[in-house]
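Chemist: Got a file for you: data00.txt, compact mmCIF, C-alpha atoms.
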```
# COMPACT_ATOMS: atom_id res chain seq x y z
CA GLN A 13 28.81 97.26 -74.25
CA LYS A 14 31.19 99.14 -76.50
CA GLU A 15 30.18 99.88 -80.07
CA VAL A 16 33.32 98.20 -81.39
CA GLU A 17 34.98 95.24 -79.70
CA GLN A 18 38.51 94.08 -80.38
CA ASP A 19 40.70 91.56 -78.55
CA PRO A 20 43.61 93.52 -77.04
CA GLY A 21 46.10 90.64 -77.36
CA PRO A 22 49.03 90.50 -77.41
CA LEU A 23 49.05 88.12 -80.32
CA SER A 24 52.49 86.51 -80.74
CA VAL A 25 53.38 84.73 -83.98
CA PRO A 26 56.59 83.58 -85.68
CA GLU A 27 57.85 85.33 -88.78
CA GLY A 28 56.11 84.08 -91.92
CA ALA A 29 52.85 83.18 -90.17
CA ILE A 30 49.43 84.23 -91.39
CA VAL A 31 47.83 86.62 -88.94
CA SER A 32 44.11 87.14 -88.45
CA LEU A 33 42.88 90.22 -86.60
CA ASN A 34 39.19 90.77 -85.93
CA CYS A 35 36.61 93.25 -84.72
CA THR A 36 32.93 92.95 -83.96
CA TYR A 37 30.52 95.86 -83.81
CA SER A 38 26.99 96.50 -82.67
CA ASN A 39 25.76 99.34 -84.89
CA SER A 40 24.46 97.89 -88.14
CA ALA A 41 24.45 101.38 -89.68
CA PHE A 42 28.25 101.47 -89.97
CA GLN A 43 29.14 101.59 -93.66
CA TYR A 44 32.83 102.36 -93.86
CA PHE A 45 35.51 100.22 -92.26
CA MET A 46 39.19 100.94 -91.78
CA TRP A 47 42.27 99.39 -90.29
CA TYR A 48 44.89 101.63 -88.77
CA ARG A 49 48.37 100.54 -87.66
CA GLN A 50 50.01 102.19 -84.67
CA TYR A 51 53.66 101.68 -83.83
CA SER A 52 54.79 102.24 -80.26
CA ARG A 53 54.78 105.94 -79.29
CA LYS A 54 53.55 106.96 -82.74
CA GLY A 55 50.20 108.09 -84.10
CA PRO A 56 47.93 105.68 -86.00
CA GLU A 57 48.31 105.47 -89.78
CA LEU A 58 45.72 104.21 -92.24
CA LEU A 59 46.45 100.73 -93.54
CA MET A 60 43.27 99.74 -95.37
CA TYR A 61 39.82 101.05 -96.10
CA THR A 62 36.74 99.16 -97.29
CA TYR A 63 33.18 100.18 -98.00
CA SER A 64 30.26 97.92 -97.04
CA SER A 65 30.76 94.16 -97.36
CA GLY A 66 33.41 92.27 -99.27
CA ASN A 67 37.15 91.80 -99.49
CA LYS A 68 39.96 94.14 -100.37
CA GLU A 69 43.57 93.13 -100.94
CA ASP A 70 46.70 95.25 -100.82
CA GLY A 71 49.97 93.36 -101.02
CA ARG A 72 50.26 91.09 -97.97
CA PHE A 73 47.13 92.59 -96.38
CA THR A 74 43.51 91.57 -96.93
CA ALA A 75 40.56 93.30 -95.29
CA GLN A 76 37.25 91.50 -95.05
CA VAL A 77 33.85 92.85 -94.02
CA ASP A 78 30.83 90.71 -93.16
CA LYS A 79 28.02 93.12 -92.42
CA SER A 80 25.49 90.35 -91.82
CA SER A 81 27.61 89.14 -88.89
CA LYS A 82 28.86 92.63 -87.94
CA TYR A 83 32.38 91.31 -88.13
CA ILE A 84 35.49 92.60 -89.86
CA SER A 85 38.89 91.02 -90.29
CA LEU A 86 42.39 91.91 -91.35
CA PHE A 87 44.66 89.14 -92.63
CA ILE A 88 48.41 89.55 -92.89
CA ARG A 89 50.28 87.00 -95.01
CA ASP A 90 53.99 86.23 -94.58
CA SER A 91 54.14 88.32 -91.43
CA GLN A 92 57.37 90.22 -90.74
CA PRO A 93 58.93 91.55 -87.53
CA SER A 94 58.25 95.03 -88.92
CA ASP A 95 54.52 94.23 -88.72
CA SER A 96 54.80 94.27 -84.92
CA ALA A 97 52.44 97.05 -83.89
CA THR A 98 48.95 97.68 -82.57
CA TYR A 99 46.20 97.29 -85.15
CA LEU A 100 43.11 99.40 -84.64
CA CYS A 101 39.88 98.81 -86.47
CA ALA A 102 37.75 101.88 -87.08
CA MET A 103 34.35 102.46 -88.60
CA THR A 104 31.94 105.24 -89.36
CA LEU A 105 28.38 105.86 -90.42
CA GLY A 106 29.50 108.07 -93.26
CA GLY A 107 31.10 111.37 -94.02
CA PHE A 108 34.31 110.11 -92.42
CA GLN A 109 34.16 112.76 -89.80
CA LYS A 110 33.64 110.68 -86.67
CA LEU A 111 35.53 107.43 -86.59
CA VAL A 112 34.77 104.93 -83.84
CA PHE A 113 37.88 102.97 -82.98
CA GLY A 114 38.30 99.56 -81.43
CA THR A 115 40.68 99.11 -78.52
CA GLY A 116 43.43 97.77 -80.77
CA THR A 117 45.16 94.39 -80.94
CA ARG A 118 48.86 94.30 -80.19
CA LEU A 119 50.74 92.05 -82.62
CA LEU A 120 54.24 90.70 -81.98
CA VAL A 121 56.05 88.94 -84.84
CA SER A 122 59.21 87.20 -83.72
CA PRO A 123 62.14 86.50 -86.10
CA GLU B 24 55.59 117.23 -97.04
CA ALA B 25 55.65 117.72 -93.28
CA GLY B 26 53.23 115.68 -91.25
CA VAL B 27 51.07 116.77 -88.33
CA VAL B 28 53.30 118.33 -85.70
CA GLN B 29 52.45 118.26 -82.01
CA SER B 30 54.15 119.65 -78.95
CA PRO B 31 55.14 118.93 -76.31
CA ARG B 32 55.71 115.20 -76.83
CA TYR B 33 55.71 114.56 -73.10
CA LYS B 34 54.36 116.52 -70.17
CA ILE B 35 54.32 115.65 -66.47
CA ILE B 36 52.32 117.87 -64.16
CA GLU B 37 50.73 117.72 -60.74
CA LYS B 38 46.98 117.56 -60.44
CA LYS B 39 45.16 120.88 -60.48
CA GLN B 40 47.85 122.41 -62.70
CA PRO B 41 47.00 123.70 -66.19
CA VAL B 42 48.47 122.23 -69.36
CA ALA B 43 48.28 123.10 -73.04
CA PHE B 44 49.00 121.14 -76.19
CA TRP B 45 49.70 122.59 -79.59
CA CYS B 46 49.08 121.13 -83.04
CA ASN B 47 50.10 122.21 -86.52
CA PRO B 48 48.16 120.23 -89.15
CA ILE B 49 49.26 119.32 -92.64
CA SER B 50 49.18 122.36 -94.87
CA GLY B 51 45.88 122.70 -96.70
CA HIS B 52 43.95 120.31 -94.45
CA ASN B 53 40.75 122.05 -93.47
CA THR B 54 39.62 119.54 -90.86
CA LEU B 55 41.43 119.17 -87.55
CA TYR B 56 40.69 116.69 -84.78
CA TRP B 57 41.75 116.21 -81.19
CA TYR B 58 41.55 112.64 -79.91
CA ARG B 59 42.37 111.22 -76.52
CA GLN B 60 43.88 107.76 -76.25
CA ASN B 61 43.94 106.10 -72.85
CA LEU B 62 46.39 103.28 -72.20
CA GLY B 63 45.29 100.12 -73.97
CA GLN B 64 42.35 101.85 -75.66
CA GLY B 65 41.57 103.23 -79.07
CA PRO B 66 41.46 106.97 -79.74
CA GLU B 67 38.27 108.80 -78.78
CA LEU B 68 37.24 112.04 -80.44
CA LEU B 69 37.25 115.14 -78.26
CA ILE B 70 36.61 117.86 -80.83
CA ARG B 71 36.56 118.38 -84.59
CA TYR B 72 37.15 121.64 -86.42
CA GLU B 73 36.17 122.56 -89.94
CA ASN B 74 38.47 125.49 -90.63
CA GLU B 75 38.11 127.64 -87.50
CA GLU B 76 34.67 126.37 -86.50
CA ALA B 77 34.23 123.66 -83.88
CA VAL B 78 31.57 121.45 -85.49
CA ASP B 79 31.62 118.54 -83.06
CA ASP B 80 32.63 119.10 -79.44
CA SER B 81 30.05 116.81 -77.88
CA GLN B 82 32.71 114.64 -76.24
CA LEU B 83 34.81 117.51 -74.89
CA PRO B 84 34.53 117.87 -71.07
CA LYS B 85 33.82 121.55 -71.19
CA ASP B 86 34.18 122.18 -67.47
CA ARG B 87 37.94 121.77 -67.70
CA PHE B 88 38.86 121.37 -71.36
CA SER B 89 38.97 124.10 -73.96
CA ALA B 90 40.26 124.26 -77.50
CA GLU B 91 40.75 126.86 -80.16
CA ARG B 92 41.82 126.98 -83.78
CA LEU B 93 42.61 130.55 -84.62
CA LYS B 94 42.79 131.42 -88.33
CA GLY B 95 41.83 127.86 -89.18
CA VAL B 96 45.38 126.49 -89.01
CA ASP B 97 47.12 125.72 -85.71
CA SER B 98 45.15 124.53 -82.73
CA THR B 99 45.60 124.48 -78.97
CA LEU B 100 43.96 122.12 -76.49
CA LYS B 101 43.97 123.22 -72.86
CA ILE B 102 43.13 121.44 -69.63
CA GLN B 103 42.59 123.48 -66.49
CA PRO B 104 42.75 122.13 -63.86
CA ALA B 105 44.15 118.72 -64.72
CA GLU B 106 42.93 115.63 -62.87
CA LEU B 107 44.58 112.25 -62.39
CA GLY B 108 42.18 110.70 -64.91
CA ASP B 109 43.40 113.04 -67.63
CA SER B 110 46.62 111.05 -67.98
CA ALA B 111 46.55 109.89 -71.60
CA VAL B 112 47.99 110.54 -75.03
CA TYR B 113 46.39 113.49 -76.78
CA LEU B 114 46.45 112.98 -80.54
CA CYS B 115 45.92 115.65 -83.13
CA ALA B 116 44.88 114.65 -86.63
CA SER B 117 43.99 116.42 -89.83
CA SER B 118 42.30 115.52 -93.07
CA SER B 119 41.47 117.03 -96.42
CA ARG B 120 38.24 116.57 -98.34
CA THR B 121 40.07 114.07 -100.55
CA SER B 122 41.54 111.99 -97.73
CA GLN B 123 38.19 111.98 -95.93
CA ASN B 124 36.73 109.99 -98.82
CA THR B 125 38.94 107.06 -97.87
CA GLY B 126 38.61 107.53 -94.13
CA GLU B 127 42.19 108.68 -93.87
CA LEU B 128 43.11 110.85 -90.97
CA PHE B 129 46.73 111.92 -90.61
CA PHE B 130 47.78 111.72 -87.00
CA GLY B 131 50.61 113.41 -85.19
CA GLU B 132 52.83 111.48 -82.77
CA GLY B 133 50.77 112.65 -79.81
CA SER B 134 51.38 114.47 -76.56
CA ARG B 135 51.71 112.10 -73.63
CA LEU B 136 50.35 113.62 -70.42
CA THR B 137 51.06 112.25 -66.97
CA VAL B 138 49.18 113.82 -64.07
CA LEU B 139 50.66 113.08 -60.62
```
Kindly transcribe the structure held in the file into C-alpha cells.
Modeler:
Amino acid sequence: QKEVEQDPGPLSVPEGAIVSLNCTYSNSAFQYFMWYRQYSRKGPELLMYTYSSGNKEDGRFTAQVDKSSKYISLFIRDSQPSDSATYLCAMTLGGFQKLVFGTGTRLLVSP
Amino acid sequence: EAGVVQSPRYKIIEKKQPVAFWCNPISGHNTLYWYRQNLGQGPELLIRYENEEAVDDSQLPKDRFSAERLKGVDSTLKIQPAELGDSAVYLCASSSRTSQNTGELFFGEGSRLTVL
C-alpha cells in the first residue's frame, strides 16, 4: 500500500463546475499538506499549503485537511478550462525536505 | 527572476548507454533536489543537496546513478548504464530556507528520458 493514495482520473467537468479532488494517506505523523498543479510537460508548481487540520481558502481554491480521517481535499469553485492540469497532493512529516507525493489526478475542464 | 533550468528537455538513448542531465537552480537557493516521475505517477525523491553536500540519497540507485553538485550551485545527474525501466521524467527542484517553510519547491520543466 502506498503512503499516499490519489485517484488518477481523468476527471472531466464542464466549465463553471465545482471540483473536488482528494487524497488519503496512511502515516498519521504527516503534519504539512500541499497541493501542487502540474500542466502537461511542465514541472509541478505549489498551489496551496496547509498545516495540520482545518481549511484554507485562496481565491477559487479551498484546501481541507481532516487528520482524524487521514484525508485531504482540494475544492475548485467556478472551474475554468485553464484549470485543466494534473493535481498532485503532497505531504511531509516536517522540515519540508522530503515531500511524499500522490500519483496525481488529471482534471479536464471543458468550455 | 529565472526559474530552475534543466537540460536537455528530451533524450532518447539505447539501453546500456550513459546519459547525463544538468540543472541550474534558482539563484540563492541552497537546497537542490532530483526527483524522478514515472508516467502517471507522482515525483519520487532521488537525492537532496544542502549546498554541495548530499544529505539524503537513500532512494538513489547507486549502482548506476550518480549525482554531483560542485560549488553548491549547478548539479548533474548521471545514469550509466541506462536500463529500459529508467524511462521517466527527471525533475530538478530547488528551495530556499524561506520557501521551505511553506513546502514550496520550485521545479524545472524536467528532462524526459526514453530508453529503447
Chemist: Grab the CA of Ser65 in chain A to CA of Leu128 in chain B distance for me, in Å with one decimal place.
Modeler: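 If I compute the distance from CA of Ser65 in chain A to CA of Leu128 in chain B, I get 21.7 Å.
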Chemist: What is the distance, in Å and to one decimal place, between CA of Arg87 in chain B and CA of Trp57 in chain B?
Modeler: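 A separation of 15.1 Å between them.
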Chemist: Find the residues in chain A near chain B: any atom within 7 Å counts, using all atoms listed in the file. Write them as a PyMOL selection string.
Modeler: chain A and resi 53-58+61+100+108+113-116
Chemist: May I have the selected residues written with C-alpha atoms, as an mmCIF file, in the coordinates of the input?
Modeler:
```cif
data_model
loop_
_atom_site.group_PDB
_atom_site.id
_atom_site.type_symbol
_atom_site.label_atom_id
_atom_site.label_comp_id
_atom_site.auth_asym_id
_atom_site.auth_seq_id
_atom_site.Cartn_x
_atom_site.Cartn_y
_atom_site.Cartn_z
ATOM 1 C CA ARG A 53 54.780 105.940 -79.290
ATOM 2 C CA LYS A 54 53.550 106.960 -82.740
ATOM 3 C CA GLY A 55 50.200 108.090 -84.100
ATOM 4 C CA PRO A 56 47.930 105.680 -86.000
ATOM 5 C CA GLU A 57 48.310 105.470 -89.780
ATOM 6 C CA LEU A 58 45.720 104.210 -92.240
ATOM 7 C CA TYR A 61 39.820 101.050 -96.100
ATOM 8 C CA LEU A 100 43.110 99.400 -84.640
ATOM 9 C CA PHE A 108 34.310 110.110 -92.420
ATOM 10 C CA PHE A 113 37.880 102.970 -82.980
ATOM 11 C CA GLY A 114 38.300 99.560 -81.430
ATOM 12 C CA THR A 115 40.680 99.110 -78.520
ATOM 13 C CA GLY A 116 43.430 97.770 -80.770
#
```
Chemist: I'd like the neighbourhood of range 93-104 of chain B as a PyMOL selection string, where a residue qualifies if any of its atoms comes within 8 Å (using all atoms listed in the file), though same-chain residues fewer than 2 positions away should be ignored.
Modeler: chain B and resi 38-48+53+57+73-76+87-91+106
Chemist: In Å, how far is it from CA of Arg118 in chain A to CA of Pro26 in chain A?
Modeler: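 Atom-to-atom, CA of Arg118 in chain A and CA of Pro26 in chain A are spaced 14.3 Å apart.
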Chemist: With 9 Å as the threshold, what does the neighbourhood of (28.0, 105.5, -97.5) contain in terms of residues, counting only C-alpha atoms? Coordinates are those of the file; answer as a PDB file with C-alpha atoms, keeping the file's coordinate frame.
Modeler:
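Result went into part-v7.pdb, see below:
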```
ATOM      1  CA  PHE A  42      28.250 101.470 -89.970  1.00  0.00           C
ATOM      2  CA  GLN A  43      29.140 101.590 -93.660  1.00  0.00           C
ATOM      3  CA  TYR A  44      32.830 102.360 -93.860  1.00  0.00           C
ATOM      4  CA  TYR A  63      33.180 100.180 -98.000  1.00  0.00           C
ATOM      5  CA  SER A  64      30.260  97.920 -97.040  1.00  0.00           C
ATOM      6  CA  LEU A 105      28.380 105.860 -90.420  1.00  0.00           C
ATOM      7  CA  GLY A 106      29.500 108.070 -93.260  1.00  0.00           C
ATOM      8  CA  GLY A 107      31.100 111.370 -94.020  1.00  0.00           C
TER       9      GLY A 107
END
```
Chemist: Point out the residue among B:Arg92, B:Lys34, B:Ser81, B:Thr121 with the least atom-to-atom distance to Asp109 in chain B, counting all atoms listed in the file.
Modeler: B:Lys34
Chemist: Tell me, as a PyMOL selection string, which residues lie within 6 Å of Ser91 in chain A, counting all atoms listed in the file; anything in the same chain fewer than 2 positions away does not count.
Modeler: chain A and resi 27-29+89
